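Everything below belongs to coords.tsv, which stores TSV, C-alpha atoms.
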chain	number	residue	atom	x	y	z
A	1	MET	CA	0.00	0.00	0.00
A	2	LYS	CA	2.81	2.28	0.87
A	3	LYS	CA	4.50	1.50	-2.44
A	4	THR	CA	1.36	2.28	-4.40
A	5	PHE	CA	1.11	5.55	-2.65
A	6	ILE	CA	4.70	6.41	-3.46
A	7	ILE	CA	4.19	5.61	-7.12
A	8	ILE	CA	1.09	7.75	-7.38
A	9	VAL	CA	2.87	10.64	-5.72
A	10	LEU	CA	5.84	10.16	-8.01
A	11	ALA	CA	3.59	10.06	-11.04
A	12	ALA	CA	1.79	13.17	-9.90
A	13	LEU	CA	5.12	14.90	-9.52
A	14	LEU	CA	6.52	13.65	-12.82
A	15	CYS	CA	3.47	14.25	-14.96
A	16	PRO	CA	3.63	18.05	-15.01
A	17	PHE	CA	7.33	17.68	-15.55
A	18	ALA	CA	6.68	15.49	-18.59
A	19	SER	CA	4.18	17.93	-20.02
A	20	PHE	CA	6.54	20.75	-19.25
A	21	ALA	CA	9.24	19.06	-21.29
A	22	GLN	CA	6.61	18.82	-23.98
A	23	GLN	CA	6.28	22.41	-25.21
A	24	LYS	CA	3.14	24.38	-24.52
A	25	VAL	CA	2.00	25.53	-27.91
A	26	LYS	CA	-0.83	27.92	-28.63
A	27	PHE	CA	-2.18	28.25	-32.15
A	28	GLY	CA	-4.34	30.92	-33.67
A	29	HIS	CA	-5.50	31.98	-37.09
A	30	VAL	CA	-6.52	35.19	-38.75
A	31	ASP	CA	-8.21	36.08	-42.02
A	32	TYR	CA	-5.61	38.53	-43.25
A	33	GLY	CA	-7.32	39.12	-46.59
A	34	GLU	CA	-10.55	40.12	-44.91
A	35	ILE	CA	-8.81	42.53	-42.54
A	36	ILE	CA	-6.95	44.39	-45.26
A	37	LYS	CA	-10.26	44.88	-47.08
A	38	VAL	CA	-11.79	46.69	-44.10
A	39	MET	CA	-8.75	48.71	-43.09
A	40	PRO	CA	-9.60	52.37	-42.49
A	41	GLY	CA	-8.37	54.38	-45.47
A	42	ILE	CA	-7.91	51.39	-47.80
A	43	ASP	CA	-10.47	52.92	-50.20
A	44	THR	CA	-7.96	55.61	-51.10
A	45	VAL	CA	-5.59	52.92	-52.43
A	46	GLN	CA	-8.24	51.57	-54.77
A	47	LYS	CA	-9.13	55.08	-55.86
A	48	VAL	CA	-5.56	56.16	-56.55
A	49	VAL	CA	-4.88	52.95	-58.48
A	50	ALA	CA	-8.11	53.30	-60.49
A	51	ASP	CA	-7.30	56.92	-61.32
A	52	MET	CA	-3.80	55.99	-62.41
A	53	GLN	CA	-5.16	53.17	-64.51
A	54	ALA	CA	-7.63	55.50	-66.22
A	55	GLU	CA	-4.90	58.00	-66.92
A	56	LEU	CA	-2.56	55.39	-68.38
A	57	GLN	CA	-5.38	53.98	-70.46
A	58	ALA	CA	-6.21	57.41	-71.86
A	59	THR	CA	-2.58	57.98	-72.79
A	60	GLY	CA	-2.43	54.55	-74.44
A	61	GLU	CA	-5.58	55.22	-76.42
A	62	GLU	CA	-4.26	58.57	-77.57
A	63	MET	CA	-1.07	56.94	-78.78
A	64	ALA	CA	-3.05	54.28	-80.61
A	65	LYS	CA	-5.24	56.91	-82.25
A	66	GLU	CA	-2.23	58.86	-83.42
A	67	PHE	CA	-0.70	55.68	-84.82
A	68	GLN	CA	-3.92	54.94	-86.63
A	69	LYS	CA	-3.97	58.39	-88.17
A	70	LYS	CA	-0.35	58.24	-89.33
A	71	ASN	CA	-0.89	54.77	-90.70
A	72	GLU	CA	-3.83	55.97	-92.79
A	73	GLU	CA	-1.75	58.85	-94.13
A	74	TYR	CA	0.97	56.40	-95.08
A	75	GLN	CA	-1.49	54.06	-96.79
A	76	GLN	CA	-2.87	56.98	-98.80
A	77	MET	CA	0.61	58.00	-99.87
A	78	VAL	CA	1.33	54.44	-101.00
A	79	SER	CA	-1.89	54.09	-102.96
A	80	LYS	CA	-1.47	57.49	-104.64
A	81	GLY	CA	2.00	56.44	-105.72
A	82	THR	CA	3.32	59.99	-105.95
A	83	SER	CA	5.76	59.84	-103.01
A	84	SER	CA	9.38	58.92	-103.53
A	85	PRO	CA	10.70	55.71	-101.89
A	86	ALA	CA	12.88	57.83	-99.58
A	87	VAL	CA	9.86	59.69	-98.23
A	88	LEU	CA	7.92	56.46	-97.85
A	89	LYS	CA	10.81	54.93	-95.93
A	90	ILE	CA	10.88	57.83	-93.50
A	91	LYS	CA	7.16	57.41	-92.91
A	92	GLU	CA	7.58	53.66	-92.49
A	93	ASP	CA	10.33	54.04	-89.92
A	94	GLU	CA	8.24	56.57	-88.10
A	95	LEU	CA	5.40	54.08	-87.91
A	96	THR	CA	7.66	51.27	-86.76
A	97	ASN	CA	9.11	53.44	-84.00
A	98	MET	CA	5.71	54.53	-82.91
A	99	TYR	CA	4.47	50.97	-82.78
A	100	GLN	CA	7.43	49.99	-80.62
A	101	ARG	CA	6.79	52.95	-78.32
A	102	ILE	CA	3.17	51.94	-77.87
A	103	GLN	CA	4.18	48.40	-76.98
A	104	ASP	CA	6.83	49.54	-74.53
A	105	PHE	CA	4.33	51.90	-72.99
A	106	SER	CA	1.64	49.30	-72.42
A	107	GLN	CA	4.16	46.92	-70.91
A	108	SER	CA	5.65	49.46	-68.52
A	109	ALA	CA	2.20	50.84	-67.69
A	110	GLU	CA	1.19	47.49	-66.30
A	111	GLN	CA	4.37	47.25	-64.25
A	112	ASP	CA	3.99	50.81	-62.97
A	113	LEU	CA	0.46	50.09	-61.92
A	114	GLN	CA	1.44	46.98	-59.99
A	115	ALA	CA	4.37	48.74	-58.34
A	116	LYS	CA	2.13	51.62	-57.32
A	117	GLN	CA	-0.42	49.28	-55.80
A	118	LEU	CA	2.25	47.43	-53.81
A	119	GLU	CA	3.72	50.70	-52.61
A	120	LEU	CA	0.33	52.01	-51.46
A	121	LEU	CA	-0.62	48.76	-49.73
A	122	LYS	CA	2.64	48.44	-47.83
A	123	PRO	CA	1.82	50.74	-44.88
A	124	PHE	CA	-1.50	48.93	-44.39
A	125	GLN	CA	0.18	45.55	-44.46
A	126	GLU	CA	2.77	46.69	-41.97
A	127	LYS	CA	0.09	47.97	-39.61
A	128	ILE	CA	-1.80	44.68	-39.74
A	129	LEU	CA	1.34	42.61	-39.13
A	130	GLU	CA	2.22	44.87	-36.21
A	131	ALA	CA	-1.26	44.41	-34.71
A	132	ILE	CA	-1.03	40.63	-35.16
A	133	LYS	CA	2.33	40.68	-33.42
A	134	GLU	CA	0.94	42.63	-30.48
A	135	VAL	CA	-2.05	40.31	-30.14
A	136	GLY	CA	0.25	37.29	-30.38
A	137	LYS	CA	2.54	38.56	-27.65
A	138	GLU	CA	-0.25	39.73	-25.35
A	139	HIS	CA	-2.06	36.41	-25.51
A	140	ASN	CA	1.00	34.17	-25.57
A	141	PHE	CA	0.47	32.63	-28.97
A	142	THR	CA	3.20	30.47	-30.42
A	143	TYR	CA	1.97	30.48	-34.00
A	144	ILE	CA	-0.64	32.51	-35.85
A	145	PHE	CA	-1.58	31.36	-39.33
A	146	ASP	CA	-3.18	33.17	-42.22
A	147	THR	CA	-6.39	31.29	-42.99
A	148	SER	CA	-5.57	31.52	-46.69
A	149	MET	CA	-2.60	29.23	-45.94
A	150	LEU	CA	-4.72	26.64	-44.16
A	151	THR	CA	-6.54	23.87	-45.97
A	152	TYR	CA	-8.77	23.24	-43.00
A	153	TYR	CA	-9.44	24.96	-39.73
A	154	GLU	CA	-12.20	24.62	-37.24
A	155	GLN	CA	-12.56	25.29	-33.57
A	156	GLY	CA	-9.12	26.83	-33.52
A	157	GLU	CA	-8.75	30.27	-32.06
A	158	ASP	CA	-9.67	33.01	-34.49
A	159	VAL	CA	-7.80	36.14	-33.48
A	160	SER	CA	-9.30	38.30	-36.27
A	161	ALA	CA	-11.58	40.12	-33.83
A	162	LYS	CA	-8.67	40.96	-31.50
A	163	VAL	CA	-6.56	42.18	-34.40
A	164	LYS	CA	-9.41	44.29	-35.75
A	165	GLN	CA	-9.96	45.81	-32.35
A	166	LYS	CA	-6.30	46.71	-32.13
A	167	LEU	CA	-6.59	48.40	-35.51
A	168	GLY	CA	-9.70	50.30	-34.48
A	169	ILE	CA	-11.95	48.45	-36.91
A	170	LYS	CA	-15.52	47.99	-35.72
B	1	MET	CA	-3.57	-7.88	-4.58
B	2	LYS	CA	-0.83	-5.53	-3.70
B	3	LYS	CA	0.95	-6.26	-6.95
B	4	ILE	CA	-2.18	-5.68	-9.00
B	5	LEU	CA	-2.77	-2.37	-7.34
B	6	LEU	CA	0.81	-1.43	-7.90
B	7	SER	CA	0.82	-2.23	-11.59
B	8	LEU	CA	-2.53	-0.53	-11.99
B	9	ALA	CA	-1.07	2.60	-10.48
B	10	VAL	CA	1.91	2.45	-12.80
B	11	ILE	CA	-0.30	1.99	-15.86
B	12	MET	CA	-2.53	4.86	-14.84
B	13	ALA	CA	0.38	7.16	-14.21
B	14	VAL	CA	2.04	6.35	-17.51
B	15	SER	CA	-1.12	6.64	-19.57
B	16	VAL	CA	-2.06	9.98	-18.02
B	17	CYS	CA	1.36	11.33	-18.82
B	18	SER	CA	1.48	10.07	-22.38
B	19	LEU	CA	-2.06	11.27	-23.05
B	20	GLN	CA	-1.04	14.73	-22.05
B	21	ALA	CA	2.03	14.55	-24.23
B	22	GLN	CA	0.09	13.23	-27.20
B	23	SER	CA	-2.53	15.91	-27.19
B	24	GLN	CA	0.21	18.52	-27.33
B	25	GLY	CA	2.21	17.02	-30.18
B	26	LYS	CA	5.47	18.64	-31.14
B	27	TYR	CA	5.76	21.64	-33.40
B	28	GLY	CA	8.58	23.69	-34.78
B	29	HIS	CA	9.39	26.28	-37.39
B	30	VAL	CA	12.16	26.82	-39.88
B	31	ASN	CA	13.38	29.74	-41.93
B	32	SER	CA	14.01	27.92	-45.20
B	33	SER	CA	14.90	31.01	-47.21
B	34	GLU	CA	17.64	31.88	-44.72
B	35	ILE	CA	18.99	28.35	-45.10
B	36	LEU	CA	18.83	28.56	-48.88
B	37	GLN	CA	20.94	31.74	-48.80
B	38	ALA	CA	23.54	29.95	-46.66
B	39	MET	CA	23.66	26.71	-48.66
B	40	PRO	CA	27.15	25.65	-49.75
B	41	GLY	CA	27.45	26.25	-53.48
B	42	ILE	CA	24.48	28.61	-53.68
B	43	ASP	CA	26.78	31.29	-55.17
B	44	SER	CA	26.99	29.17	-58.30
B	45	LEU	CA	23.25	29.60	-58.75
B	46	GLN	CA	23.56	33.37	-59.11
B	47	ILE	CA	26.51	33.00	-61.44
B	48	LYS	CA	24.71	30.46	-63.63
B	49	LEU	CA	21.59	32.59	-63.66
B	50	ALA	CA	23.58	35.67	-64.69
B	51	ALA	CA	25.24	33.64	-67.47
B	52	PHE	CA	21.84	32.48	-68.68
B	53	LYS	CA	20.61	36.08	-68.69
B	54	THR	CA	23.60	37.18	-70.75
B	55	GLU	CA	22.91	34.32	-73.14
B	56	LEU	CA	19.31	35.47	-73.57
B	57	GLU	CA	20.43	39.05	-74.11
B	58	GLU	CA	22.88	37.96	-76.78
B	59	LEU	CA	20.21	35.93	-78.50
B	60	TYR	CA	17.94	38.94	-78.43
B	61	SER	CA	20.46	41.41	-79.80
B	62	GLY	CA	21.38	38.82	-82.46
B	63	MET	CA	17.76	38.68	-83.58
B	64	VAL	CA	17.44	42.47	-83.59
B	65	GLU	CA	20.63	42.79	-85.61
B	66	GLU	CA	19.43	40.20	-88.08
B	67	PHE	CA	16.18	42.08	-88.44
B	68	GLN	CA	17.98	45.37	-89.00
B	69	ILE	CA	20.22	43.88	-91.69
B	70	LYS	CA	17.29	42.27	-93.49
B	71	LYS	CA	15.26	45.44	-93.20
B	72	ASP	CA	18.04	47.59	-94.63
B	73	LYS	CA	18.55	45.13	-97.49
B	74	PHE	CA	14.84	45.11	-98.15
B	75	ASP	CA	14.67	48.91	-98.19
B	76	ARG	CA	17.55	49.09	-100.65
B	77	GLU	CA	16.12	46.48	-103.00
B	78	ALA	CA	12.38	47.10	-102.60
B	79	GLY	CA	12.24	49.39	-105.66
B	80	THR	CA	13.55	46.73	-108.04
B	81	MET	CA	11.48	43.79	-106.74
B	82	SER	CA	8.48	42.18	-108.34
B	83	SER	CA	5.42	42.50	-106.15
B	84	SER	CA	5.34	38.77	-105.32
B	85	VAL	CA	8.96	38.75	-104.16
B	86	ARG	CA	8.31	41.94	-102.26
B	87	GLN	CA	5.41	40.30	-100.46
B	88	ILE	CA	7.45	37.25	-99.49
B	89	ARG	CA	10.31	39.38	-98.17
B	90	GLU	CA	7.90	41.62	-96.32
B	91	LYS	CA	6.27	38.65	-94.65
B	92	GLU	CA	9.69	37.37	-93.65
B	93	LEU	CA	10.40	40.66	-91.91
B	94	VAL	CA	7.06	40.71	-90.13
B	95	ASP	CA	7.58	37.13	-88.94
B	96	LEU	CA	10.99	37.98	-87.62
B	97	GLN	CA	9.62	40.98	-85.80
B	98	THR	CA	6.89	38.85	-84.24
B	99	ARG	CA	9.48	36.33	-83.10
B	100	ILE	CA	11.54	39.08	-81.52
B	101	GLN	CA	8.51	40.37	-79.66
B	102	GLU	CA	7.50	36.93	-78.45
B	103	PHE	CA	11.03	36.35	-77.28
B	104	GLN	CA	10.99	39.64	-75.39
B	105	TYR	CA	7.76	38.76	-73.64
B	106	GLY	CA	8.97	35.28	-72.72
B	107	VAL	CA	12.28	36.37	-71.18
B	108	GLN	CA	10.93	36.91	-67.68
B	109	GLU	CA	9.30	33.51	-67.66
B	110	ASP	CA	12.45	31.84	-69.00
B	111	LEU	CA	14.49	33.43	-66.23
B	112	GLU	CA	12.07	32.35	-63.52
B	113	GLU	CA	11.99	28.83	-64.87
B	114	LYS	CA	15.77	28.70	-64.94
B	115	GLN	CA	16.01	29.97	-61.38
B	116	TYR	CA	13.54	27.35	-60.20
B	117	GLU	CA	15.43	24.64	-62.03
B	118	LEU	CA	18.76	25.75	-60.54
B	119	ALA	CA	17.37	26.10	-57.02
B	120	LYS	CA	15.58	22.76	-57.02
B	121	PRO	CA	18.52	20.54	-55.96
B	122	PHE	CA	19.19	22.92	-53.07
B	123	GLN	CA	15.53	22.98	-52.07
B	124	ASP	CA	15.40	19.19	-52.19
B	125	LYS	CA	18.43	18.92	-49.93
B	126	ILE	CA	16.90	21.34	-47.44
B	127	GLN	CA	13.61	19.46	-47.44
B	128	GLU	CA	15.45	16.20	-46.87
B	129	ALA	CA	17.36	17.72	-43.92
B	130	ILE	CA	14.13	19.09	-42.42
B	131	ASN	CA	12.55	15.65	-42.75
B	132	GLN	CA	15.51	14.05	-40.96
B	133	VAL	CA	15.51	16.60	-38.15
B	134	ALA	CA	11.77	16.15	-37.71
B	135	LYS	CA	11.97	12.36	-37.58
B	136	GLU	CA	14.94	12.27	-35.25
B	137	ASN	CA	13.30	14.69	-32.83
B	138	GLY	CA	9.72	13.51	-33.07
B	139	PHE	CA	8.13	16.58	-34.59
B	140	SER	CA	4.57	16.34	-35.90
B	141	TYR	CA	4.64	19.60	-37.83
B	142	ILE	CA	7.32	22.03	-38.92
B	143	PHE	CA	6.16	25.33	-40.37
B	144	ASP	CA	8.02	27.57	-42.76
B	145	THR	CA	8.32	31.02	-41.16
B	146	GLN	CA	7.52	32.55	-44.54
B	147	ILE	CA	3.89	31.48	-44.25
B	148	LEU	CA	3.49	32.43	-40.60
B	149	LEU	CA	1.96	35.74	-39.64
B	150	PHE	CA	3.34	35.39	-36.14
B	151	TYR	CA	5.69	33.07	-34.28
B	152	ASP	CA	7.08	33.40	-30.81
B	153	ASN	CA	8.69	31.03	-28.31
B	154	GLY	CA	8.23	28.06	-30.61
B	155	VAL	CA	11.06	25.65	-31.37
B	156	ASP	CA	13.21	27.03	-34.15
B	157	VAL	CA	14.74	24.05	-35.93
B	158	THR	CA	16.74	26.24	-38.32
B	159	PRO	CA	20.04	25.65	-36.47
B	160	MET	CA	19.44	21.88	-36.41
B	161	VAL	CA	18.68	21.83	-40.13
B	162	LYS	CA	21.73	23.94	-40.84
B	163	ALA	CA	23.91	21.59	-38.80
B	164	LYS	CA	22.54	18.64	-40.79
B	165	LEU	CA	23.47	20.42	-44.01
B	166	GLY	CA	26.97	21.19	-42.74
B	167	ILE	CA	26.33	24.93	-42.56
B	168	LYS	CA	28.25	26.59	-39.80
B	169	LYS	CA	26.48	28.95	-37.42

Rendering of file as structure tokens:
Amino acid sequence: MKKTFIIIVLAALLCPFASFAQQKVKFGHVDYGEIIKVMPGIDTVQKVVADMQAELQATGEEMAKEFQKKNEEYQQMVSKGTSSPAVLKIKEDELTNMYQRIQDFSQSAEQDLQAKQLELLKPFQEKILEAIKEVGKEHNFTYIFDTSMLTYYEQGEDVSAKVKQKLGIK
Amino acid sequence: MKKILLSLAVIMAVSVCSLQAQSQGKYGHVNSSEILQAMPGIDSLQIKLAAFKTELEELYSGMVEEFQIKKDKFDREAGTMSSSVRQIREKELVDLQTRIQEFQYGVQEDLEEKQYELAKPFQDKIQEAINQVAKENGFSYIFDTQILLFYDNGVDVTPMVKAKLGIKK
């Protein structure tokens, strides 16, 4: 009887030790994509990007229109047959250059647009990550996942509300 | 009777302990991009990639030069050509120009593909080392820090993986 007692006491003493050796891990998840959508001031990003896109598009269309016009002039010159080959060649080169410029423009416009969007989003992303970090530290989380990275999650701890609160989102 | 009680107590104690341990599992995280940067021989990847880029650039300027030469020749001779020959030569020029443009658009993709291809043996080695570390130390899950929004006080297996790969520090 005495031995049994000793073993139970030993076990009781060792058990917490065993679970202590086993790390205490606390998981959480957050819907990052949803939070960035409701960030205060995020509308301005969409607006600035949309405005820039419209402006670039207008410039592109203008260039295309000008190309069209010059191309028609050239076609008329060719069909009339009164222009010298040297003049035609100058016109041709002009058209080729213009075509190249339009292509370069549309390619760089797309890149500029993407770069602008990234640049504008950055401060918002940093704020969210900072809030997640604070929530994580305050509530002793070990890992917080983005739900978009998880194939399945249920009954885990959703920290979205805490993060939103920290960011002043209602 | 005493013995039965004793063994019962032992079984109970052990099962309670292991149950607790099981429900916790073992988790860790690793910074795989940091390891990739420190991989022995990774410098050769950048060098090979730069060489491939130069190769693509040379190919491109070769095509442009070829186009320019053909275009100049065409401009010189256009006046004396029959219209059918003129059409064929014109089409040749347009085709060449299209090829140049397609090449230009594909360059970025080619570079990314090459980088992936060059990095793959390194990535495979890292994955293998992570697998070994996990098995040896009984981990259930190891997360890449790149996909974590937050990590704190977890077990960082990066040094263990590095040691496995023979990376110092």

Can you pull out the residues contacting B:Met63? Cut-off 12 Å, using only C-alpha atoms, and skip same-chain residues under 5 positions away; I want them as a VMD selection string.
chain B and resid 56 to 58 68 to 70 93 95 to 104

The distance between atom CA of B:Ile126 and atom CA of B:Lys114 is 19.0 Å

Test item: residues at most 10 Å from B:Gln127, all atoms listed in the file, excluding those fewer than 6 positions along its chain, as a ChimeraX atom specification:
/B:32,121,133,161

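For the atom pair formed by atom CA of A:Asp51 and atom CA of A:Ser148, the distance is 29.4 Å, given to one decimal.
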
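Counting from atom CA of A:Leu113, the distance to atom CA of B:Val64 is 28.6 Å.
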
Pick from A:Met98, A:Leu56, A:Val25, A:Val87 nearest to chain B, counting only C-alpha atoms:
A:Val25

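Remark: for B:Asn131, the closest of the candidate residues B:Met81, B:Phe150, B:Leu165, B:Gly41 is B:Leu165 (distances computed over only C-alpha atoms).
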
Do a neighbour search on B:Lys168 at 10 Å with only C-alpha atoms, toss out local chain neighbours closer than 2 positions, and write the hits as a list in words.
Ala38, Met39, Pro159, Lys162, Ala163, Lys164, Leu165 and Gly166 of chain B

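Distances here use all atoms listed in the file; by that measure, the residue among B:Asp75, B:Glu92, B:Glu136, B:Glu65 closest to A:Ala86 is B:Asp75.
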
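Distance check against chain A using only C-alpha atoms: of B:Glu55, B:Asp152, B:Glu66, B:Glu77, the minimum falls on B:Asp152.
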
Once you count all atoms listed in the file, which residues end up no further than 9 Å from (3.2, 34.0, -35.3) in the file's frame, shown as a ChimeraX atom specification?
/A:27-28,132-133,136-137,141-145 /B:145,148-152

Can you pull out the residues contacting A:Gln165? Cut-off 12 Å, using only C-alpha atoms, and skip same-chain residues under 3 positions away; I want them as JSON, numbers by chain.
{"A": [35, 38, 39, 128, 131, 132, 134, 135, 159, 160, 161, 162, 168, 169, 170]}

Nearest to A:Asp43, chosen from A:Phe124, A:Tyr74, A:Tyr152, A:Phe105, with all atoms listed in the file counted in the distances
A:Phe124

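Closest to B:Tyr105 among A:Gln53, A:Gln103, A:Asn71, A:Thr59 is A:Gln103, based on all atoms listed in the file.
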
Please define a box with edges along x, y and z of the file around all atoms of stretch 132-143 of chain B given in the file, extend it by 5 Å on each side, and return its centre and edge lengths in Å to one decimal, as lines of an AutoDock Vina configuration file.
center_x = 10.0
center_y = 18.8
center_z = -36.9
size_x = 20.9
size_y = 23.1
size_z = 18.1

For stretch 100-118 of chain B, which lacks atoms in the input, supply N, CA and C atoms and format the output as a short mmCIF file (atom, residue, chain, number, x, y, z; two decimals), in the coordinates of the input.
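Once written, rebuild_11.cif looks like this:
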data_model
loop_
_atom_site.label_atom_id
_atom_site.label_comp_id
_atom_site.auth_asym_id
_atom_site.auth_seq_id
_atom_site.Cartn_x
_atom_site.Cartn_y
_atom_site.Cartn_z
N ILE B 100 10.78 38.25 -82.46
CA ILE B 100 11.54 39.08 -81.52
C ILE B 100 10.64 39.52 -80.36
N GLN B 101 9.44 39.92 -80.71
CA GLN B 101 8.51 40.37 -79.66
C GLN B 101 8.13 39.24 -78.72
N GLU B 102 7.87 38.08 -79.28
CA GLU B 102 7.50 36.93 -78.45
C GLU B 102 8.65 36.57 -77.51
N PHE B 103 9.85 36.65 -78.07
CA PHE B 103 11.03 36.35 -77.28
C PHE B 103 11.14 37.32 -76.10
N GLN B 104 10.92 38.59 -76.41
CA GLN B 104 10.99 39.64 -75.39
C GLN B 104 9.99 39.38 -74.26
N TYR B 105 8.79 39.01 -74.64
CA TYR B 105 7.76 38.76 -73.64
C TYR B 105 8.05 37.52 -72.80
N GLY B 106 8.71 36.55 -73.42
CA GLY B 106 8.97 35.28 -72.72
C GLY B 106 10.18 35.30 -71.81
N VAL B 107 11.01 36.34 -71.91
CA VAL B 107 12.28 36.37 -71.18
C VAL B 107 12.09 36.21 -69.67
N GLN B 108 11.16 36.95 -69.12
CA GLN B 108 10.93 36.91 -67.68
C GLN B 108 10.59 35.49 -67.22
N GLU B 109 9.72 34.87 -67.99
CA GLU B 109 9.30 33.51 -67.66
C GLU B 109 10.49 32.54 -67.75
N ASP B 110 11.28 32.70 -68.81
CA ASP B 110 12.45 31.84 -69.00
C ASP B 110 13.39 31.97 -67.81
N LEU B 111 13.58 33.20 -67.35
CA LEU B 111 14.49 33.43 -66.23
C LEU B 111 13.96 32.78 -64.95
N GLU B 112 12.67 32.93 -64.72
CA GLU B 112 12.07 32.35 -63.52
C GLU B 112 12.16 30.83 -63.54
N GLU B 113 11.92 30.28 -64.72
CA GLU B 113 11.99 28.83 -64.87
C GLU B 113 13.40 28.33 -64.58
N LYS B 114 14.37 29.08 -65.12
CA LYS B 114 15.77 28.70 -64.94
C LYS B 114 16.15 28.76 -63.45
N GLN B 115 15.70 29.81 -62.80
CA GLN B 115 16.01 29.97 -61.38
C GLN B 115 15.42 28.81 -60.57
N TYR B 116 14.20 28.47 -60.89
CA TYR B 116 13.54 27.35 -60.20
C TYR B 116 14.32 26.05 -60.41
N GLU B 117 14.70 25.86 -61.66
CA GLU B 117 15.43 24.64 -62.03
C GLU B 117 16.78 24.57 -61.29
N LEU B 118 17.45 25.72 -61.20
CA LEU B 118 18.76 25.75 -60.54
C LEU B 118 18.63 25.60 -59.02
#
